[in-house]
>>> print(open('start_18.cif').read())   # mmCIF, C-alpha atoms, pLDDT in the B column; chains and numbers go by the auth columns
data_model
#
loop_
_atom_site.group_PDB
_atom_site.id
_atom_site.type_symbol
_atom_site.label_atom_id
_atom_site.label_comp_id
_atom_site.label_asym_id
_atom_site.label_seq_id
_atom_site.Cartn_x
_atom_site.Cartn_y
_atom_site.Cartn_z
_atom_site.B_iso_or_equiv
_atom_site.auth_seq_id
_atom_site.auth_asym_id
ATOM 1 C CA MET A 1 13.473 -13.410 6.388 81.00 1 I
ATOM 2 C CA THR A 2 17.094 -12.541 7.024 87.00 2 I
ATOM 3 C CA ASP A 3 18.312 -9.336 8.660 90.00 3 I
ATOM 4 C CA ARG A 4 18.880 -7.459 5.425 87.00 4 I
ATOM 5 C CA PRO A 5 15.371 -7.747 3.935 84.00 5 I
ATOM 6 C CA ALA A 6 13.906 -7.248 7.398 86.00 6 I
ATOM 7 C CA ALA A 7 15.823 -3.977 7.684 85.00 7 I
ATOM 8 C CA GLY A 8 14.650 -3.036 4.177 79.00 8 I
ATOM 9 C CA ARG A 9 11.020 -3.655 5.056 76.00 9 I
ATOM 10 C CA SER A 10 11.385 -1.576 8.215 79.00 10 I
ATOM 11 C CA HIS A 11 12.930 1.203 6.171 75.00 11 I
ATOM 12 C CA ASP A 12 9.985 1.007 3.721 70.00 12 I
ATOM 13 C CA SER A 13 7.526 1.322 6.569 71.00 13 I
ATOM 14 C CA PHE A 14 9.041 4.610 7.652 72.00 14 I
ATOM 15 C CA ILE A 15 9.668 6.099 4.230 68.00 15 I
ATOM 16 C CA ALA A 16 6.990 4.586 1.999 67.00 16 I
ATOM 17 C CA GLY A 17 4.411 4.126 4.719 69.00 17 I
ATOM 18 C CA HIS A 18 4.595 7.486 6.414 75.00 18 I
ATOM 19 C CA GLU A 19 5.616 10.313 4.134 77.00 19 I
ATOM 20 C CA THR A 20 3.617 9.118 1.121 78.00 20 I
ATOM 21 C CA THR A 21 0.428 8.731 3.147 82.00 21 I
ATOM 22 C CA ALA A 22 0.851 12.139 4.776 85.00 22 I
ATOM 23 C CA LEU A 23 1.497 13.799 1.416 86.00 23 I
ATOM 24 C CA ALA A 24 -1.354 11.972 -0.301 85.00 24 I
ATOM 25 C CA LEU A 25 -3.732 13.172 2.392 89.00 25 I
ATOM 26 C CA SER A 26 -2.340 16.732 2.311 88.00 26 I
ATOM 27 C CA TRP A 27 -2.939 16.983 -1.432 88.00 27 I
ATOM 28 C CA THR A 28 -6.302 15.260 -1.184 90.00 28 I
ATOM 29 C CA TRP A 29 -7.506 17.784 1.405 90.00 29 I
ATOM 30 C CA TYR A 30 -6.150 20.601 -0.710 89.00 30 I
ATOM 31 C CA LEU A 31 -8.047 19.327 -3.772 90.00 31 I
ATOM 32 C CA LEU A 32 -11.205 18.808 -1.748 92.00 32 I
ATOM 33 C CA SER A 33 -10.965 22.392 -0.476 90.00 33 I
ATOM 34 C CA GLN A 34 -10.903 23.562 -4.100 90.00 34 I
ATOM 35 C CA HIS A 35 -13.828 21.352 -5.163 92.00 35 I
ATOM 36 C CA PRO A 36 -16.702 21.841 -2.715 92.00 36 I
ATOM 37 C CA ASP A 37 -19.019 19.625 -4.791 92.00 37 I
ATOM 38 C CA VAL A 38 -16.656 16.669 -4.458 92.00 38 I
ATOM 39 C CA GLU A 39 -16.080 17.435 -0.788 92.00 39 I
ATOM 40 C CA ALA A 40 -19.840 17.496 -0.160 92.00 40 I
ATOM 41 C CA LYS A 41 -20.192 14.128 -1.870 91.00 41 I
ATOM 42 C CA LEU A 42 -17.432 12.660 0.288 90.00 42 I
ATOM 43 C CA TRP A 43 -19.088 14.052 3.406 90.00 43 I
ATOM 44 C CA ARG A 44 -22.483 12.619 2.427 90.00 44 I
ATOM 45 C CA ARG A 45 -21.045 9.212 1.616 87.00 45 I
ATOM 46 C CA ALA A 46 -18.991 9.071 4.778 87.00 46 I
ATOM 47 C CA HIS A 47 -22.001 9.918 6.915 87.00 47 I
ATOM 48 C CA ALA A 48 -24.385 7.651 5.013 89.00 48 I
ATOM 49 C CA THR A 49 -22.104 4.638 5.279 87.00 49 I
ATOM 50 C CA LEU A 50 -20.483 5.256 8.660 88.00 50 I
ATOM 51 C CA GLY A 51 -23.059 7.311 10.533 87.00 51 I
ATOM 52 C CA GLY A 52 -20.429 8.870 12.751 83.00 52 I
ATOM 53 C CA ARG A 53 -18.686 5.580 13.546 85.00 53 I
ATOM 54 C CA PRO A 54 -15.012 5.129 12.801 84.00 54 I
ATOM 55 C CA PRO A 55 -14.347 3.094 9.644 82.00 55 I
ATOM 56 C CA LYS A 56 -12.968 -0.409 9.917 76.00 56 I
ATOM 57 C CA ARG A 57 -10.441 -2.062 7.740 69.00 57 I
ATOM 58 C CA GLY A 58 -12.168 -4.344 5.257 63.00 58 I
ATOM 59 C CA GLY A 59 -15.600 -2.898 6.024 56.00 59 I
ATOM 60 C CA SER A 60 -17.770 -1.693 3.201 50.00 60 I
ATOM 61 C CA PRO A 61 -17.408 2.073 3.793 42.00 61 I
ATOM 62 C CA PRO A 62 -13.924 2.646 2.439 39.00 62 I
ATOM 63 C CA VAL A 63 -14.914 1.187 -0.910 38.00 63 I
ATOM 64 C CA ASP A 64 -16.638 4.298 -2.100 43.00 64 I
ATOM 65 C CA LEU A 65 -13.862 6.415 -0.734 42.00 65 I
ATOM 66 C CA HIS A 66 -11.250 4.768 -2.888 42.00 66 I
ATOM 67 C CA GLY A 67 -12.046 7.190 -5.657 46.00 67 I
ATOM 68 C CA LYS A 68 -11.091 10.130 -3.508 46.00 68 I
ATOM 69 C CA ARG A 69 -7.901 8.515 -2.476 45.00 69 I
ATOM 70 C CA ARG A 70 -6.819 7.399 -5.917 52.00 70 I
ATOM 71 C CA ASP A 71 -7.531 10.683 -7.600 55.00 71 I
ATOM 72 C CA GLY A 72 -5.859 12.541 -4.808 49.00 72 I
ATOM 73 C CA ILE A 73 -2.785 10.522 -5.433 42.00 73 I
ATOM 74 C CA ALA A 74 -3.096 10.543 -9.183 39.00 74 I
ATOM 75 C CA ALA A 75 -3.469 14.274 -9.417 40.00 75 I
ATOM 76 C CA PRO A 76 -0.585 16.506 -8.433 40.00 76 I
ATOM 77 C CA LEU A 77 1.289 14.567 -5.909 40.00 77 I
ATOM 78 C CA SER A 78 2.482 11.089 -6.610 40.00 78 I
ATOM 79 C CA ALA A 79 6.088 10.081 -6.630 41.00 79 I
ATOM 80 C CA ARG A 80 7.536 11.510 -9.795 40.00 80 I
ATOM 81 C CA LEU A 81 9.952 8.867 -10.772 44.00 81 I
ATOM 82 C CA ARG A 82 10.438 5.541 -9.151 55.00 82 I
ATOM 83 C CA ILE A 83 10.537 3.032 -11.928 73.00 83 I
ATOM 84 C CA CYS A 84 13.619 1.874 -13.669 80.00 84 I
ATOM 85 C CA ARG A 85 14.528 -1.054 -15.844 83.00 85 I
ATOM 86 C CA GLU A 86 17.694 -2.207 -17.540 86.00 86 I
ATOM 87 C CA ALA A 87 17.630 -3.382 -21.162 89.00 87 I
ATOM 88 C CA LEU A 88 18.845 -6.989 -21.298 91.00 88 I
ATOM 89 C CA GLN A 89 19.344 -6.783 -25.054 93.00 89 I
ATOM 90 C CA ASP A 90 19.375 -4.178 -27.819 95.00 90 I
ATOM 91 C CA CYS A 91 15.815 -3.175 -28.592 93.00 91 I
ATOM 92 C CA GLU A 92 13.604 -0.346 -29.812 94.00 92 I
ATOM 93 C CA ILE A 93 10.945 1.314 -27.701 89.00 93 I
ATOM 94 C CA GLY A 94 8.618 3.922 -29.173 89.00 94 I
ATOM 95 C CA GLY A 95 10.982 4.507 -32.074 94.00 95 I
ATOM 96 C CA TYR A 96 14.043 4.978 -29.873 94.00 96 I
ATOM 97 C CA ALA A 97 16.978 2.607 -30.144 95.00 97 I
ATOM 98 C CA VAL A 98 17.821 1.219 -26.709 94.00 98 I
ATOM 99 C CA PRO A 99 21.220 -0.475 -26.460 95.00 99 I
ATOM 100 C CA LYS A 100 21.714 -3.396 -24.114 93.00 100 I
ATOM 101 C CA GLY A 101 22.572 -2.251 -20.600 92.00 101 I
ATOM 102 C CA THR A 102 20.707 1.062 -20.852 92.00 102 I
ATOM 103 C CA THR A 103 18.898 2.125 -17.702 89.00 103 I
ATOM 104 C CA LEU A 104 15.375 3.293 -18.518 87.00 104 I
ATOM 105 C CA PHE A 105 13.160 5.395 -16.299 82.00 105 I
ATOM 106 C CA MET A 106 9.413 5.754 -16.634 81.00 106 I
ATOM 107 C CA SER A 107 7.689 8.865 -15.335 81.00 107 I
ATOM 108 C CA GLN A 108 4.600 8.269 -13.222 80.00 108 I
ATOM 109 C CA TRP A 109 3.958 11.991 -13.437 82.00 109 I
ATOM 110 C CA LEU A 110 3.512 11.729 -17.211 87.00 110 I
ATOM 111 C CA MET A 111 1.711 8.378 -17.225 87.00 111 I
ATOM 112 C CA HIS A 112 -0.816 9.519 -14.635 87.00 112 I
ATOM 113 C CA ARG A 113 -1.572 12.564 -16.770 90.00 113 I
ATOM 114 C CA SER A 114 -1.852 10.775 -20.088 92.00 114 I
ATOM 115 C CA SER A 115 -5.096 11.634 -21.850 94.00 115 I
ATOM 116 C CA ARG A 116 -4.781 8.281 -23.589 93.00 116 I
ATOM 117 C CA TYR A 117 -5.799 6.580 -20.344 93.00 117 I
ATOM 118 C CA PHE A 118 -7.330 9.419 -18.326 93.00 118 I
ATOM 119 C CA PRO A 119 -9.770 11.696 -20.130 91.00 119 I
ATOM 120 C CA ASP A 120 -9.315 15.302 -18.955 92.00 120 I
ATOM 121 C CA PRO A 121 -6.329 14.148 -16.888 91.00 121 I
ATOM 122 C CA GLU A 122 -5.724 17.387 -14.984 89.00 122 I
ATOM 123 C CA ALA A 123 -9.288 17.494 -13.645 90.00 123 I
ATOM 124 C CA PHE A 124 -9.983 16.293 -10.102 90.00 124 I
ATOM 125 C CA MET A 125 -12.650 13.672 -10.801 89.00 125 I
ATOM 126 C CA PRO A 126 -12.542 10.934 -8.163 88.00 126 I
ATOM 127 C CA ASP A 127 -15.585 9.303 -9.741 88.00 127 I
ATOM 128 C CA ARG A 128 -13.491 8.379 -12.751 89.00 128 I
ATOM 129 C CA TRP A 129 -12.455 5.387 -10.639 88.00 129 I
ATOM 130 C CA ALA A 130 -15.985 4.370 -9.686 86.00 130 I
ATOM 131 C CA ASP A 131 -16.652 1.906 -12.493 88.00 131 I
ATOM 132 C CA GLY A 132 -13.573 -0.276 -12.177 88.00 132 I
ATOM 133 C CA LEU A 133 -11.169 1.853 -14.217 90.00 133 I
ATOM 134 C CA ALA A 134 -8.229 0.554 -12.180 86.00 134 I
ATOM 135 C CA LYS A 135 -8.831 -2.987 -13.455 88.00 135 I
ATOM 136 C CA ARG A 136 -9.093 -1.924 -17.087 91.00 136 I
ATOM 137 C CA LEU A 137 -5.875 0.072 -17.185 91.00 137 I
ATOM 138 C CA PRO A 138 -2.684 -1.487 -18.529 89.00 138 I
ATOM 139 C CA LYS A 139 -0.345 -2.596 -15.768 82.00 139 I
ATOM 140 C CA TYR A 140 1.890 0.469 -15.641 83.00 140 I
ATOM 141 C CA ALA A 141 -0.552 3.192 -16.677 87.00 141 I
ATOM 142 C CA TYR A 142 -1.327 3.812 -13.011 86.00 142 I
ATOM 143 C CA CYS A 143 1.319 2.829 -10.491 81.00 143 I
ATOM 144 C CA PRO A 144 1.503 5.333 -7.639 75.00 144 I
ATOM 145 C CA SER A 145 3.457 2.937 -5.449 69.00 145 I
ATOM 146 C CA GLY A 146 6.040 2.299 -8.110 68.00 146 I
ATOM 147 C CA ALA A 147 6.530 -0.741 -10.256 64.00 147 I
ATOM 148 C CA ALA A 148 9.539 -2.393 -8.805 57.00 148 I
ATOM 149 C CA LEU A 149 9.693 -6.122 -9.479 54.00 149 I
ATOM 150 C CA ALA A 150 9.382 -6.567 -5.730 46.00 150 I
ATOM 151 C CA SER A 151 7.023 -3.670 -5.181 44.00 151 I
ATOM 152 C CA VAL A 152 7.221 -1.610 -2.014 43.00 152 I
ATOM 153 C CA SER A 153 5.222 -2.794 0.959 41.00 153 I
ATOM 154 C CA ALA A 154 2.669 -0.015 0.631 39.00 154 I
ATOM 155 C CA ALA A 155 1.607 -1.325 -2.766 38.00 155 I
ATOM 156 C CA ALA A 156 0.621 -4.656 -1.322 37.00 156 I
ATOM 157 C CA SER A 157 -2.411 -3.314 0.516 36.00 157 I
ATOM 158 C CA PRO A 158 -5.542 -2.798 -1.579 35.00 158 I
ATOM 159 C CA MET B 1 -2.454 3.029 1.547 68.00 1 J
ATOM 160 C CA MET B 2 -5.386 1.469 3.382 77.00 2 J
ATOM 161 C CA GLU B 3 -4.526 3.786 6.267 81.00 3 J
ATOM 162 C CA ALA B 4 -5.045 6.805 3.998 84.00 4 J
ATOM 163 C CA VAL B 5 -8.623 5.735 3.248 85.00 5 J
ATOM 164 C CA LEU B 6 -9.366 5.098 6.926 88.00 6 J
ATOM 165 C CA LEU B 7 -7.912 8.468 7.932 89.00 7 J
ATOM 166 C CA LEU B 8 -9.767 10.284 5.163 89.00 8 J
ATOM 167 C CA ALA B 9 -13.095 8.707 6.130 88.00 9 J
ATOM 168 C CA THR B 10 -12.534 9.399 9.835 89.00 10 J
ATOM 169 C CA ILE B 11 -11.446 13.012 9.410 89.00 11 J
ATOM 170 C CA ALA B 12 -14.083 13.796 6.756 88.00 12 J
ATOM 171 C CA GLN B 13 -16.820 12.999 9.259 88.00 13 J
ATOM 172 C CA ARG B 14 -15.545 15.498 11.798 88.00 14 J
ATOM 173 C CA PHE B 15 -13.682 18.257 10.021 88.00 15 J
ATOM 174 C CA ARG B 16 -13.887 20.403 6.942 87.00 16 J
ATOM 175 C CA LEU B 17 -10.536 21.740 5.794 86.00 17 J
ATOM 176 C CA THR B 18 -10.264 24.980 3.880 87.00 18 J
ATOM 177 C CA LEU B 19 -7.241 26.683 2.395 85.00 19 J
ATOM 178 C CA VAL B 20 -6.232 30.048 3.875 86.00 20 J
ATOM 179 C CA THR B 21 -7.169 32.675 1.267 84.00 21 J
ATOM 180 C CA GLY B 22 -4.217 33.679 -0.851 82.00 22 J
ATOM 181 C CA HIS B 23 -1.945 30.972 0.497 81.00 23 J
ATOM 182 C CA PRO B 24 0.488 29.992 -2.251 82.00 24 J
ATOM 183 C CA ILE B 25 0.585 26.367 -3.343 84.00 25 J
ATOM 184 C CA ALA B 26 3.619 25.209 -5.254 85.00 26 J
ATOM 185 C CA LEU B 27 5.157 21.827 -5.842 83.00 27 J
ATOM 186 C CA TYR B 28 8.557 20.845 -4.556 83.00 28 J
ATOM 187 C CA PRO B 29 9.332 17.732 -6.577 78.00 29 J
ATOM 188 C CA SER B 30 11.800 15.363 -4.967 74.00 30 J
ATOM 189 C CA LEU B 31 11.297 11.605 -4.699 71.00 31 J
ATOM 190 C CA THR B 32 7.742 12.531 -3.782 74.00 32 J
ATOM 191 C CA CYS B 33 6.033 15.823 -4.647 77.00 33 J
ATOM 192 C CA ASP B 34 5.901 17.928 -1.522 80.00 34 J
ATOM 193 C CA PRO B 35 4.295 21.333 -1.093 82.00 35 J
ATOM 194 C CA ARG B 36 7.059 23.960 -1.376 80.00 36 J
ATOM 195 C CA THR B 37 5.710 25.713 1.690 75.00 37 J
ATOM 196 C CA GLU B 38 3.443 24.368 4.384 70.00 38 J
ATOM 197 C CA CYS B 39 -0.231 24.149 3.461 65.00 39 J
ATOM 198 C CA GLU B 40 -2.334 26.332 5.739 68.00 40 J
#
>>> encode(input="start_18.cif", output="C-alpha cells")
Amino acid sequence: MTDRPAAGRSHDSFIAGHETTALALSWTWYLLSQHPDVEAKLWRRAHATLGGRPPKRGGSPPVDLHGKRRDGIAAPLSARLRICREALQDCEIGGYAVPKGTTLFMSQWLMHRSSRYFPDPEAFMPDRWADGLAKRLPKYAYCPSGAALASVSAAASP
Amino acid sequence: MMEAVLLLATIAQRFRLTLVTGHPIALYPSLTCDPRTECE
C-alpha cells in the first residue's frame, strides 16, 4: 500500500470508524429507551449468553445482538446519502432518461424505509433481521456503510 | 461495526439508559444523521 491509500484508510478509521459507531449506538440506545419490550429482550439475551462476562469478537453472543444493531442503524440514523454512480452511456432508469455522464445519487434513507423490502419500515423491530433477511435482500436495498465500489473499511467487518 | 455490537452487549449488561422526560429529539442530517441537540 502506498502513502495515499494508507492515508485514506487512516482517514476512514477516524471518520467512518468513530462517528458512525457513536451515532449508531446513540440512536440504538434512544430506540431501546422507547421500546422497553425490545430492551428487556436484549438484556435477557445478553445475560443468558454472556452471564456478565465481556463479549468477545467472533464469539457466539454477538450473533443475536446483530438485530439490535442493524435495526438501530436502519431506523432513523444511517448516513443519508453516500452512494453515487456515473452513467457510462445513455440509459433509462425507472422511466427517467439518464444521459451519459450524469451523476446519480441513491438515498439510503429512502431505501432503508422502503416498504417493498421492509414491512412496516418505520417500526423498530430488530427481530426482522433474525431469519436471515440481510442475505435475501437485493445488494443495495440495505447498505448502511455505503456502496462505493471500494467500500469503506467499516463495511468490511461482519 | 463489530465494535458497535461488542459495546452494545457490554453496556447492556451493566446499564439501562432512559431518555430525560420531555427532552426533544430532532435529526440534524449531514453526511450522517446526528441528533440536533445532545441526547440526555
>>> residues_around(input="start_18.cif", residues="His35 of chain I", least_positions_apart="5", cutoff="12 Å", atoms="all atoms listed in the file", output="list of chain:residue names")
I:Thr28, I:Trp29, I:Tyr30, I:Ala40, I:Lys41, I:Leu42, I:Lys68, I:Gly72, I:Ala123, I:Phe124, I:Met125, I:Pro126, J:Leu17, J:Thr18, J:Leu19
>>> resolve_selection(input="start_18.cif", expression="the PyMOL selection byres ((chain J) within 8 of (chain I))", output="list of chain:residue names")
J:Met1, J:Met2, J:Glu3, J:Ala4, J:Val5, J:Leu6, J:Leu8, J:Ala9, J:Thr10, J:Ala12, J:Gln13, J:Leu17, J:Thr18, J:Leu19, J:Pro29, J:Ser30, J:Leu31, J:Thr32, J:Cys33, J:Asp34, J:Cys39
>>> axis_aligned_box(input="start_18.cif", around="segment 92-100 of chain I", padding_each_side="8 Å", output="lines of an AutoDock Vina configuration file")
center_x = 15.2
center_y = 0.8
center_z = -28.1
size_x = 29.1
size_y = 24.4
size_z = 24.0
>>> resolve_selection(input="start_18.cif", expression="the PyMOL selection byres ((chain J and resi 37) around 12)", output="compact mmCIF listing (two decimals) with C-alpha atoms, keeping the file's coordinate frame")
# COMPACT_ATOMS: atom_id res chain seq x y z
CA HIS J 23 -1.94 30.97 0.50
CA PRO J 24 0.49 29.99 -2.25
CA ILE J 25 0.58 26.37 -3.34
CA ALA J 26 3.62 25.21 -5.25
CA LEU J 27 5.16 21.83 -5.84
CA TYR J 28 8.56 20.84 -4.56
CA CYS J 33 6.03 15.82 -4.65
CA ASP J 34 5.90 17.93 -1.52
CA PRO J 35 4.30 21.33 -1.09
CA ARG J 36 7.06 23.96 -1.38
CA GLU J 38 3.44 24.37 4.38
CA CYS J 39 -0.23 24.15 3.46
CA GLU J 40 -2.33 26.33 5.74
>>> atom_distance(input="start_18.cif", atom1="atom CA of Asp37 of chain I", atom2="atom CA of Leu7 of chain J")
20.2 Å
>>> atom_distance(input="start_18.cif", atom1="atom CA of Phe105 of chain I", atom2="atom CA of Ala134 of chain I")
22.3 Å
>>> atom_distance(input="start_18.cif", atom1="atom CA of Ala141 of chain I", atom2="atom CA of Tyr117 of chain I")
7.2 Å
